[in-house]
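Trainee: If it helps, the file is called run30.tsv and holds TSV, C-alpha atoms and all ligand atoms:
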chain	number	residue	atom	x	y	z
A	1	MET	CA	-4.45	-20.93	30.00
A	2	SER	CA	-1.24	-18.97	30.43
A	3	PRO	CA	-1.35	-16.28	33.14
A	4	SER	CA	-0.55	-13.57	30.59
A	5	ARG	CA	-3.44	-14.68	28.37
A	6	SER	CA	-5.97	-14.73	31.17
A	7	LYS	CA	-4.79	-11.23	32.19
A	8	ALA	CA	-5.15	-9.89	28.66
A	9	LEU	CA	-8.66	-11.35	28.45
A	10	ALA	CA	-9.76	-8.42	30.63
A	11	LEU	CA	-10.29	-6.92	27.19
A	12	LEU	CA	-13.40	-9.07	26.79
A	13	ASP	CA	-14.89	-7.95	30.09
A	14	LEU	CA	-14.51	-4.30	29.12
A	15	MET	CA	-16.25	-5.01	25.83
A	16	VAL	CA	-19.09	-6.95	27.43
A	17	LYS	CA	-19.66	-4.15	29.95
A	18	GLY	CA	-19.70	-1.66	27.10
A	19	TYR	CA	-16.70	0.37	28.28
A	20	LEU	CA	-14.71	-0.47	25.22
A	21	ARG	CA	-16.24	0.28	21.83
A	22	GLU	CA	-13.08	0.67	19.83
A	23	ILE	CA	-9.34	0.22	20.10
A	24	ALA	CA	-7.47	2.99	18.32
A	25	PRO	CA	-3.70	3.38	18.14
A	26	ARG	CA	-1.96	6.41	19.58
A	27	TYR	CA	0.85	8.23	17.80
A	28	ASP	CA	4.04	8.47	19.77
A	29	PRO	CA	6.59	10.83	18.15
A	30	ALA	CA	9.41	8.55	19.26
A	31	THR	CA	8.01	5.19	18.19
A	32	GLY	CA	5.08	5.83	15.82
A	33	TYR	CA	1.59	4.39	16.01
A	34	ASP	CA	1.15	2.16	19.01
A	35	TYR	CA	-1.71	0.14	20.49
A	36	CYS	CA	0.11	-0.82	23.66
A	37	ALA	CA	-0.11	2.53	25.46
A	38	PRO	CA	-3.89	2.96	25.05
A	39	LEU	CA	-4.42	-0.69	26.05
A	40	ARG	CA	-2.20	-0.23	29.08
A	41	ASP	CA	-4.28	2.80	30.10
A	42	LEU	CA	-7.29	0.47	30.21
A	43	GLY	CA	-5.36	-1.99	32.35
A	44	ILE	CA	-4.95	-4.48	29.53
A	45	VAL	CA	-1.52	-6.12	29.56
A	46	PRO	CA	0.60	-7.70	28.21
A	47	CYS	CA	0.28	-5.99	24.86
A	48	GLU	CA	1.50	-8.87	22.71
A	49	GLU	CA	-1.11	-11.21	24.16
A	50	ALA	CA	-3.85	-8.58	23.85
A	51	MET	CA	-2.99	-8.05	20.17
A	52	LYS	CA	-3.25	-11.79	19.60
A	53	ILE	CA	-6.72	-11.78	21.16
A	54	ILE	CA	-7.70	-8.75	19.07
A	55	GLY	CA	-6.69	-10.71	15.97
A	56	GLU	CA	-8.89	-13.61	17.05
A	57	LEU	CA	-11.80	-11.26	17.72
A	58	VAL	CA	-11.47	-9.87	14.19
A	59	GLU	CA	-11.55	-13.41	12.83
A	60	ILE	CA	-14.76	-14.35	14.63
A	61	GLY	CA	-16.44	-11.08	13.69
A	62	VAL	CA	-16.56	-9.32	17.07
A	63	LEU	CA	-14.16	-6.58	15.99
A	64	ARG	CA	-14.04	-4.89	12.62
A	65	ARG	CA	-10.87	-3.37	11.20
A	66	GLU	CA	-11.27	0.22	10.01
A	67	ILE	CA	-8.81	2.65	8.51
A	68	HIS	CA	-7.55	5.02	11.17
A	69	ASP	CA	-4.81	6.66	9.13
A	70	ARG	CA	-2.71	6.17	6.04
A	71	VAL	CA	0.90	7.17	6.48
A	72	ALA	CA	4.19	7.18	4.61
A	73	SER	CA	6.62	4.66	6.00
A	74	CYS	CA	10.23	3.51	5.63
A	75	SER	CA	10.79	1.16	2.70
A	76	ARG	CA	13.23	-0.90	4.77
A	77	CYS	CA	11.52	-1.40	8.12
A	78	GLY	CA	8.00	0.06	7.82
A	79	SER	CA	8.41	2.65	10.56
A	80	GLU	CA	6.51	5.92	10.14
A	81	VAL	CA	8.84	7.94	12.35
A	82	LEU	CA	10.74	9.95	9.78
A	83	LEU	CA	13.00	13.01	9.75
A	84	VAL	CA	12.69	15.13	6.61
A	85	ARG	CA	16.09	16.21	5.25
A	86	ALA	CA	16.73	18.74	2.48
A	87	ARG	CA	19.55	18.13	-0.02
A	88	CYS	CA	20.85	19.62	-3.26
A	89	PRO	CA	18.95	17.72	-5.99
A	90	TYR	CA	22.10	17.66	-8.18
A	91	CYS	CA	24.87	16.48	-5.86
A	92	GLY	CA	23.09	15.65	-2.59
A	93	SER	CA	25.02	18.21	-0.58
A	94	LEU	CA	23.57	19.82	2.53
A	95	ARG	CA	25.50	23.04	1.82
A	96	PHE	CA	23.23	25.39	-0.09
A	97	GLN	CA	21.99	28.90	0.49
A	98	SER	CA	18.79	30.77	-0.22
A	99	SER	CA	19.24	33.37	-2.90
A	100	VAL	CA	17.20	35.61	-5.17
A	101	VAL	CA	17.29	35.90	-8.95
A	102	MET	CA	17.13	39.57	-9.97
A	103	GLU	CA	16.68	41.34	-13.26
A	104	HIS	CA	18.08	44.79	-14.11
A	105	LEU	CA	15.21	46.22	-16.14
A	106	LEU	CA	17.31	48.94	-17.82
A	107	CYS	CA	19.67	46.48	-19.57
A	108	GLY	CA	17.82	43.18	-19.13
A	109	TYR	CA	20.58	41.40	-17.22
A	110	VAL	CA	19.36	38.50	-15.04
A	111	GLY	CA	21.50	37.04	-12.26
A	112	LEU	CA	21.76	36.02	-8.62
A	113	GLU	CA	21.66	38.72	-5.97
A	114	ALA	CA	25.28	38.00	-5.04
A	115	GLU	CA	26.41	39.07	-8.53
A	116	PHE	CA	24.85	42.51	-8.03
A	117	LEU	CA	26.25	43.04	-4.55
A	118	ALA	CA	29.25	45.37	-4.63
A	119	GLN	CA	31.89	45.53	-1.88
A	120	SER	CA	30.54	48.92	-0.89
A	121	GLY	CA	27.23	47.24	-0.06
A	122	ARG	CA	25.46	48.94	-2.95
A	123	LEU	CA	23.77	47.00	-5.77
A	124	LEU	CA	25.60	47.40	-9.07
A	125	CYS	CA	24.67	45.72	-12.35
A	126	PRO	CA	27.57	43.45	-13.40
A	127	LYS	CA	26.67	43.96	-17.07
A	128	CYS	CA	26.15	47.70	-17.48
A	129	GLY	CA	27.70	48.90	-14.23
A	130	ARG	CA	24.78	51.14	-13.27
A	131	GLU	CA	23.46	51.21	-9.72
A	132	LEU	CA	20.15	49.53	-8.94
A	133	ARG	CA	18.00	52.06	-7.13
A	134	GLU	CA	14.38	51.06	-6.58
A	135	LEU	CA	12.81	47.63	-6.45
A	136	GLY	CA	9.97	47.42	-8.94
A	137	ARG	CA	11.15	50.40	-10.98
A	138	ASP	CA	14.62	49.72	-12.34
A	139	PHE	CA	15.04	46.15	-11.06
A	140	ILE	CA	12.80	43.25	-9.94
A	141	ARG	CA	13.15	40.06	-7.94
A	142	VAL	CA	12.35	37.22	-10.34
A	143	ALA	CA	12.42	34.17	-8.08
A	144	ASP	CA	13.56	32.76	-4.74
A	145	VAL	CA	16.08	30.02	-5.37
A	146	GLN	CA	18.71	27.88	-3.67
A	147	ARG	CA	22.32	27.80	-4.76
A	148	CYS	CA	24.51	24.81	-3.96
A	149	GLU	CA	27.93	25.72	-2.57
A	150	GLU	CA	29.24	22.30	-3.51
A	151	CYS	CA	28.30	21.97	-7.18
A	152	GLY	CA	27.17	25.54	-7.94
A	153	GLU	CA	23.77	24.50	-9.33
A	154	VAL	CA	20.75	26.72	-8.77
A	155	PHE	CA	17.38	25.19	-7.99
A	156	SER	CA	14.06	26.29	-6.57
A	157	VAL	CA	13.12	23.19	-4.55
A	158	PRO	CA	15.64	21.03	-2.69
A	159	SER	CA	15.14	17.28	-2.80
A	160	LEU	CA	13.54	16.06	0.41
A	161	ASN	CA	14.71	12.75	1.85
A	162	TYR	CA	13.17	10.92	4.79
A	163	GLU	CA	15.52	9.43	7.31
A	164	CYS	CA	13.96	6.58	9.25
A	165	LEU	CA	14.60	7.14	12.94
A	166	LYS	CA	14.18	3.46	13.63
A	167	CYS	CA	16.59	1.82	11.17
A	168	GLY	CA	18.49	4.89	9.93
A	169	TYR	CA	17.81	4.37	6.24
A	170	GLU	CA	17.39	7.59	4.26
A	171	ASN	CA	14.45	7.10	1.88
A	172	LYS	CA	13.98	9.13	-1.26
A	173	TRP	CA	10.38	10.30	-1.29
A	174	THR	CA	9.67	7.98	-4.21
A	175	GLU	CA	10.80	5.04	-2.07
A	176	LEU	CA	8.37	5.68	0.78
A	177	ARG	CA	5.59	3.14	1.15
A	178	THR	CA	2.11	4.07	2.23
A	179	LYS	CA	0.79	2.04	5.09
A	180	GLU	CA	-2.71	1.61	6.48
A	181	VAL	CA	-3.08	2.08	10.20
A	182	HIS	CA	-6.15	0.40	11.66
A	183	ARG	CA	-8.45	0.83	14.55
A	184	TYR	CA	-10.64	-1.97	15.80
A	185	VAL	CA	-14.33	-1.29	16.26
A	186	VAL	CA	-16.73	-3.53	18.15
A	187	VAL	CA	-19.38	-4.90	15.77
A	188	PRO	CA	-22.80	-4.08	17.25
A	189	GLY	CA	-24.71	-7.17	18.34
A	190	SER	CA	-21.72	-9.47	18.03
A	191	ILE	CA	-20.82	-9.39	21.70
A	192	THR	CA	-23.75	-11.32	23.17
A	193	VAL	CA	-23.41	-14.13	20.66
A	194	GLN	CA	-19.66	-14.44	20.31
A	195	ILE	CA	-18.11	-13.50	23.64
A	196	PRO	CA	-19.70	-16.33	25.70
A	197	THR	CA	-18.54	-18.71	22.99
A	198	MET	CA	-15.04	-17.27	23.16
A	199	ARG	CA	-15.12	-17.63	26.94
A	200	LEU	CA	-16.12	-21.23	26.47
A	201	TYR	CA	-13.24	-21.77	24.07
A	202	GLU	CA	-10.85	-20.31	26.60
A	203	GLU	CA	-12.12	-22.67	29.27
A	204	ILE	CA	-11.99	-25.63	26.90
A	205	ARG	CA	-8.46	-24.66	26.05
A	206	SER	CA	-7.31	-24.46	29.64
A	207	MET	CA	-9.20	-27.58	30.82
A	208	LEU	CA	-8.09	-29.81	28.00
A	209	SER	CA	-4.54	-28.62	27.46
A	210	ARG	CA	-3.30	-31.13	30.03
A	211	ASP	CA	-4.35	-34.08	27.90
A	212	TYR	CA	-4.54	-32.57	24.44
A	213	GLU	CA	-2.95	-30.13	22.11
A	214	VAL	CA	-5.84	-27.66	21.71
A	215	LEU	CA	-6.11	-25.76	18.41
A	216	GLY	CA	-8.59	-22.95	17.91
A	217	PRO	CA	-10.88	-21.11	18.09
A	218	HIS	CA	-11.02	-21.27	14.33
A	219	VAL	CA	-8.69	-23.83	12.81
A	220	VAL	CA	-8.26	-24.61	9.14
A	221	MET	CA	-7.22	-28.20	8.39
A	222	ARG	CA	-6.85	-30.09	5.15
A	223	GLY	CA	-8.98	-33.19	5.03
A	224	SER	CA	-8.06	-36.46	3.30
A	225	SER	CA	-10.27	-35.28	0.42
A	226	GLY	CA	-7.82	-32.41	-0.11
A	227	VAL	CA	-10.35	-29.75	0.90
A	228	ASP	CA	-9.49	-27.09	3.51
A	229	LEU	CA	-11.98	-27.38	6.37
A	230	GLU	CA	-12.75	-24.95	9.16
A	231	PHE	CA	-13.24	-26.04	12.74
A	232	ASP	CA	-13.97	-24.28	15.99
A	233	VAL	CA	-11.72	-26.42	18.18
A	234	VAL	CA	-9.52	-29.36	17.25
A	235	LEU	CA	-7.98	-31.62	19.88
A	236	ARG	CA	-4.87	-33.63	19.17
A	237	ARG	CA	-3.01	-36.04	21.38
A	238	PRO	CA	0.43	-34.51	22.00
A	239	GLY	CA	3.09	-36.15	19.89
A	240	GLU	CA	0.57	-37.73	17.53
A	241	GLY	CA	-0.53	-36.09	14.32
A	242	SER	CA	-4.01	-37.55	14.36
A	243	VAL	CA	-7.09	-35.62	15.40
A	244	ALA	CA	-8.50	-36.96	18.67
A	245	ALA	CA	-11.66	-34.89	18.55
A	246	VAL	CA	-13.32	-31.83	17.12
A	247	VAL	CA	-15.59	-29.56	19.13
A	248	GLU	CA	-18.02	-27.39	17.17
A	249	VAL	CA	-20.41	-24.72	18.38
A	250	ALA	CA	-23.66	-24.47	16.45
A	251	ASP	CA	-26.27	-21.79	17.03
A	252	GLU	CA	-29.05	-23.73	15.39
A	253	LEU	CA	-28.57	-27.39	14.83
A	254	ASP	CA	-30.59	-29.15	12.15
A	255	GLU	CA	-29.94	-32.32	10.16
A	256	GLU	CA	-28.08	-30.48	7.43
A	257	ARG	CA	-25.72	-28.67	9.80
A	258	LEU	CA	-25.13	-31.87	11.74
A	259	MET	CA	-24.26	-33.80	8.58
A	260	ALA	CA	-21.88	-31.04	7.49
A	261	ILE	CA	-20.08	-31.16	10.84
A	262	PHE	CA	-19.96	-34.95	10.80
A	263	SER	CA	-18.55	-35.18	7.29
A	264	LYS	CA	-15.81	-32.61	7.78
A	265	ALA	CA	-14.82	-34.27	11.08
A	266	TYR	CA	-14.79	-37.61	9.27
A	267	ASP	CA	-12.62	-36.08	6.55
A	268	VAL	CA	-9.88	-35.18	9.05
A	269	GLY	CA	-10.22	-38.54	10.79
A	270	ALA	CA	-11.50	-37.16	14.08
A	271	GLY	CA	-11.87	-39.89	16.69
A	272	ARG	CA	-14.72	-38.05	18.36
A	273	VAL	CA	-17.13	-35.26	17.47
A	274	VAL	CA	-18.76	-33.01	20.04
A	275	VAL	CA	-21.29	-30.37	19.02
A	276	ILE	CA	-22.26	-27.67	21.49
A	277	HIS	CA	-25.65	-26.23	20.61
A	278	ARG	CA	-27.90	-23.51	21.95
A	279	GLY	CA	-31.47	-24.37	22.85
A	280	GLU	CA	-33.30	-27.62	22.16
A	281	VAL	CA	-32.62	-29.90	19.23
A	282	ARG	CA	-35.49	-31.69	17.53
A	283	GLU	CA	-35.88	-35.42	18.11
A	284	PRO	CA	-34.86	-36.47	14.55
A	285	VAL	CA	-31.65	-34.43	14.89
A	286	ALA	CA	-30.85	-36.10	18.21
A	287	ARG	CA	-31.50	-39.54	16.65
A	288	LEU	CA	-29.27	-38.75	13.69
A	289	ALA	CA	-26.51	-37.56	16.03
A	290	SER	CA	-26.73	-40.74	18.03
A	291	SER	CA	-26.53	-42.95	14.95
A	292	LEU	CA	-23.52	-40.98	13.65
A	293	GLY	CA	-21.81	-41.18	17.04
A	294	VAL	CA	-21.83	-37.39	17.41
A	295	ARG	CA	-22.13	-36.21	21.04
A	296	LEU	CA	-24.48	-33.28	21.55
A	297	VAL	CA	-23.97	-30.89	24.44
A	298	ARG	CA	-26.39	-28.11	25.21
A	299	LEU	CA	-24.83	-24.75	26.08
A	300	GLU	CA	-25.97	-24.12	29.65
A	301	GLY	CA	-23.46	-22.01	31.51
A	302	VAL	CA	-19.79	-22.42	30.84
A	303	GLU	CA	-19.05	-24.78	33.72
A	304	ARG	CA	-21.89	-27.23	33.13
A	305	THR	CA	-21.23	-27.23	29.42
A	306	LEU	CA	-17.57	-27.99	30.00
A	307	GLU	CA	-18.42	-30.87	32.29
A	308	GLU	CA	-20.59	-32.34	29.56
A	309	VAL	CA	-17.91	-31.83	26.92
A	310	LEU	CA	-15.37	-33.61	29.11
A	311	ARG	CA	-17.79	-36.48	29.74
A	312	SER	CA	-18.49	-36.77	26.01
A	313	LEU	CA	-14.80	-36.86	25.20
A	314	GLY	CA	-14.17	-39.53	27.81
A	315	GLU	CA	-17.03	-41.82	26.80
A	316	GLY	CA	-15.76	-44.99	25.23
A	317	ALA	CA	-12.38	-43.40	24.55
B	1	ZN	ZN	13.43	2.12	8.64
B	2	ZN	ZN	24.97	20.46	-5.34
B	3	ZN	ZN	22.39	46.56	-16.21
Show me, as structure tokens, the structure contained in the file I just sent.

Mentor:
Amino acid sequence: MSPSRSKALALLDLMVKGYLREIAPRYDPATGYDYCAPLRDLGIVPCEEAMKIIGELVEIGVLRREIHDRVASCSRCGSEVLLVRARCPYCGSLRFQSSVVMEHLLCGYVGLEAEFLAQSGRLLCPKCGRELRELGRDFIRVADVQRCEECGEVFSVPSLNYECLKCGYENKWTELRTKEVHRYVVVPGSITVQIPTMRLYEEIRSMLSRDYEVLGPHVVMRGSSGVDLEFDVVLRRPGEGSVAAVVEVADELDEERLMAIFSKAYDVGAGRVVVIHRGEVREPVARLASSLGVRLVRLEGVERTLEEVLRSLGEGA
């Protein structure tokens, strides 16, 4: 096991002890949603390795993905750290001013405030020349608008663009993509069953990686029948494509389950099949295993179990 992986596995201990019930991202205004900072606060590093483990825990059903937030993100790079910029919707210019549309009620003339503003500072109607005296009586404000100094167009709402602060691309609002942000919640009851198994996998991985290429937990391989098959752990001799052995963990082992394991192992040409089981197996199951050449190992503490697995792999190899 790499040192960084064994460090990041502290995650499992926190979950087993009940300190960690969910892993939620934290929003950093500079970088967006981030899992690394909250993990670091719990002493779980390195982040990349921890995220890999979280992915594996989702796959084996210990963690469940839930929606934490749904955010708009950059269409180019996916970042949700965006700066909203206002532009003229006609020419894209940044140079526009707030203005007011006014109506002179006595003659009906409608125009921008600037047209009514005389040099003297008084308000004079550009159509009839009379002075505007009292808001609401002889003139009214019709609407607040923006007037572009570049193209002269008048509009009520500027177009809002979203500049990505990560890659610099300025997204039109129609280009933004919505993105789900997840948190990871511990599935009640999953810990006692799955975590010891995961621990076992980790040990298997580190013990056997000297002699084998260790794949898993959870490997999908295509058998010679063309069917995709799922395995807990697959061992390959380095440099060779062939499967040296498969190691499966079965909660309850009966004839049917045993046959299923045997036939999928046979389908990928596994040289050896080891099944780790909890509790006793019935005599007929043990006999069937022996006639199929499947080695059974009872789960009894990680170390003892590993010893047995190693012995089973070595036998007659
Ligand atoms: Zn971007
Ligand atoms: Zn304009
Ligand atoms: Zn007038």

Trainee: Go through A:Val227, A:Cys167, A:Ile261, A:Leu310 one by one, measure the shortest atom-to-atom distance of each to Val294 (chain A) using all atoms listed in the file, and give the residue with the smallest value.

Mentor: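 Checking each candidate against Val294 (chain A), we get A:Ile261 as the closest.
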
Trainee: If I take CA of Val62 (chain A) and CA of Leu11 (chain A), how far is one from the other in Å, to one decimal?

Mentor: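 These atoms are spaced 12.1 Å apart.
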
Trainee: Work out how far CA of Pro238 (chain A) is from CA of Asp211 (chain A), in Å to one decimal.

Mentor: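 Answer for the CA of Asp211 (chain A) to CA of Pro238 (chain A) separation: 7.6 Å.
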
Trainee: Mind listing the residues within 12 Å of ligand ZN 3 (chain B), all atoms listed in the file counted, as a count of residues only?

Mentor: 26

Trainee: Counting only C-alpha atoms, what is within 12 Å of Leu176 (chain A), bar same-chain residues fewer than 2 positions away, as a PyMOL selection string?

Mentor: chain A and resi 71-82+84+160-164+169-174+178-179

Trainee: For Val275 (chain A), find every residue with an atom within 8 Å (counting all atoms listed in the file), except residues of its own chain fewer than 4 positions away, and show them as a CSV table (one decimal) with C-alpha atoms, in the coordinates of the input.

Mentor:
chain,number,residue,atom,x,y,z
A,247,VAL,CA,-15.6,-29.6,19.1
A,248,GLU,CA,-18.0,-27.4,17.2
A,249,VAL,CA,-20.4,-24.7,18.4
A,250,ALA,CA,-23.7,-24.5,16.4
A,294,VAL,CA,-21.8,-37.4,17.4
A,295,ARG,CA,-22.1,-36.2,21.0
A,296,LEU,CA,-24.5,-33.3,21.6
A,297,VAL,CA,-24.0,-30.9,24.4

Trainee: Render region 264-278 of chain A from the structure in the preceding block as a file of N, CA, C and O atoms, as a CSV table (one decimal), in the first residue's frame.

Mentor:
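Writing the result to decode11.csv gives the following:
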chain,number,residue,atom,x,y,z
A,264,LYS,N,-17.9,-17.8,-12.9
A,264,LYS,CA,-17.4,-16.6,-13.5
A,264,LYS,C,-15.9,-16.6,-13.4
A,264,LYS,O,-15.2,-16.1,-14.3
A,265,ALA,N,-15.3,-17.2,-12.4
A,265,ALA,CA,-13.8,-17.3,-12.3
A,265,ALA,C,-13.3,-18.2,-13.5
A,265,ALA,O,-12.3,-17.9,-14.1
A,266,TYR,N,-14.1,-19.2,-13.8
A,266,TYR,CA,-13.7,-20.1,-14.9
A,266,TYR,C,-13.7,-19.4,-16.2
A,266,TYR,O,-12.9,-19.5,-17.1
A,267,ASP,N,-14.8,-18.5,-16.3
A,267,ASP,CA,-15.0,-17.7,-17.5
A,267,ASP,C,-13.8,-16.8,-17.8
A,267,ASP,O,-13.5,-16.5,-19.0
A,268,VAL,N,-13.1,-16.3,-16.8
A,268,VAL,CA,-12.0,-15.4,-17.0
A,268,VAL,C,-10.7,-16.2,-17.0
A,268,VAL,O,-9.6,-15.6,-17.0
A,269,GLY,N,-10.8,-17.5,-16.8
A,269,GLY,CA,-9.6,-18.3,-16.9
A,269,GLY,C,-8.7,-18.2,-15.6
A,269,GLY,O,-7.5,-18.3,-15.7
A,270,ALA,N,-9.4,-18.0,-14.5
A,270,ALA,CA,-8.6,-17.8,-13.2
A,270,ALA,C,-7.9,-19.1,-12.9
A,270,ALA,O,-8.5,-20.2,-12.9
A,271,GLY,N,-6.6,-19.0,-12.5
A,271,GLY,CA,-5.9,-20.2,-12.2
A,271,GLY,C,-6.3,-20.7,-10.8
A,271,GLY,O,-6.2,-21.9,-10.5
A,272,ARG,N,-6.8,-19.8,-10.0
A,272,ARG,CA,-7.1,-20.2,-8.6
A,272,ARG,C,-8.3,-19.4,-8.1
A,272,ARG,O,-8.4,-18.2,-8.5
A,273,VAL,N,-9.1,-20.0,-7.3
A,273,VAL,CA,-10.3,-19.3,-6.8
A,273,VAL,C,-10.3,-19.4,-5.2
A,273,VAL,O,-10.3,-20.5,-4.7
A,274,VAL,N,-10.3,-18.2,-4.6
A,274,VAL,CA,-10.4,-18.2,-3.1
A,274,VAL,C,-11.7,-17.5,-2.7
A,274,VAL,O,-11.9,-16.4,-3.2
A,275,VAL,N,-12.4,-18.1,-1.9
A,275,VAL,CA,-13.7,-17.5,-1.4
A,275,VAL,C,-13.5,-17.3,0.1
A,275,VAL,O,-13.3,-18.2,0.9
A,276,ILE,N,-13.6,-16.0,0.5
A,276,ILE,CA,-13.6,-15.7,2.0
A,276,ILE,C,-15.1,-15.6,2.4
A,276,ILE,O,-15.9,-14.9,1.8
A,277,HIS,N,-15.4,-16.4,3.5
A,277,HIS,CA,-16.8,-16.4,3.9
A,277,HIS,C,-16.9,-16.1,5.4
A,277,HIS,O,-15.9,-16.3,6.1
A,278,ARG,N,-18.0,-15.6,5.8
A,278,ARG,CA,-18.3,-15.3,7.2
A,278,ARG,C,-19.0,-16.5,7.8
A,278,ARG,O,-19.9,-17.1,7.1
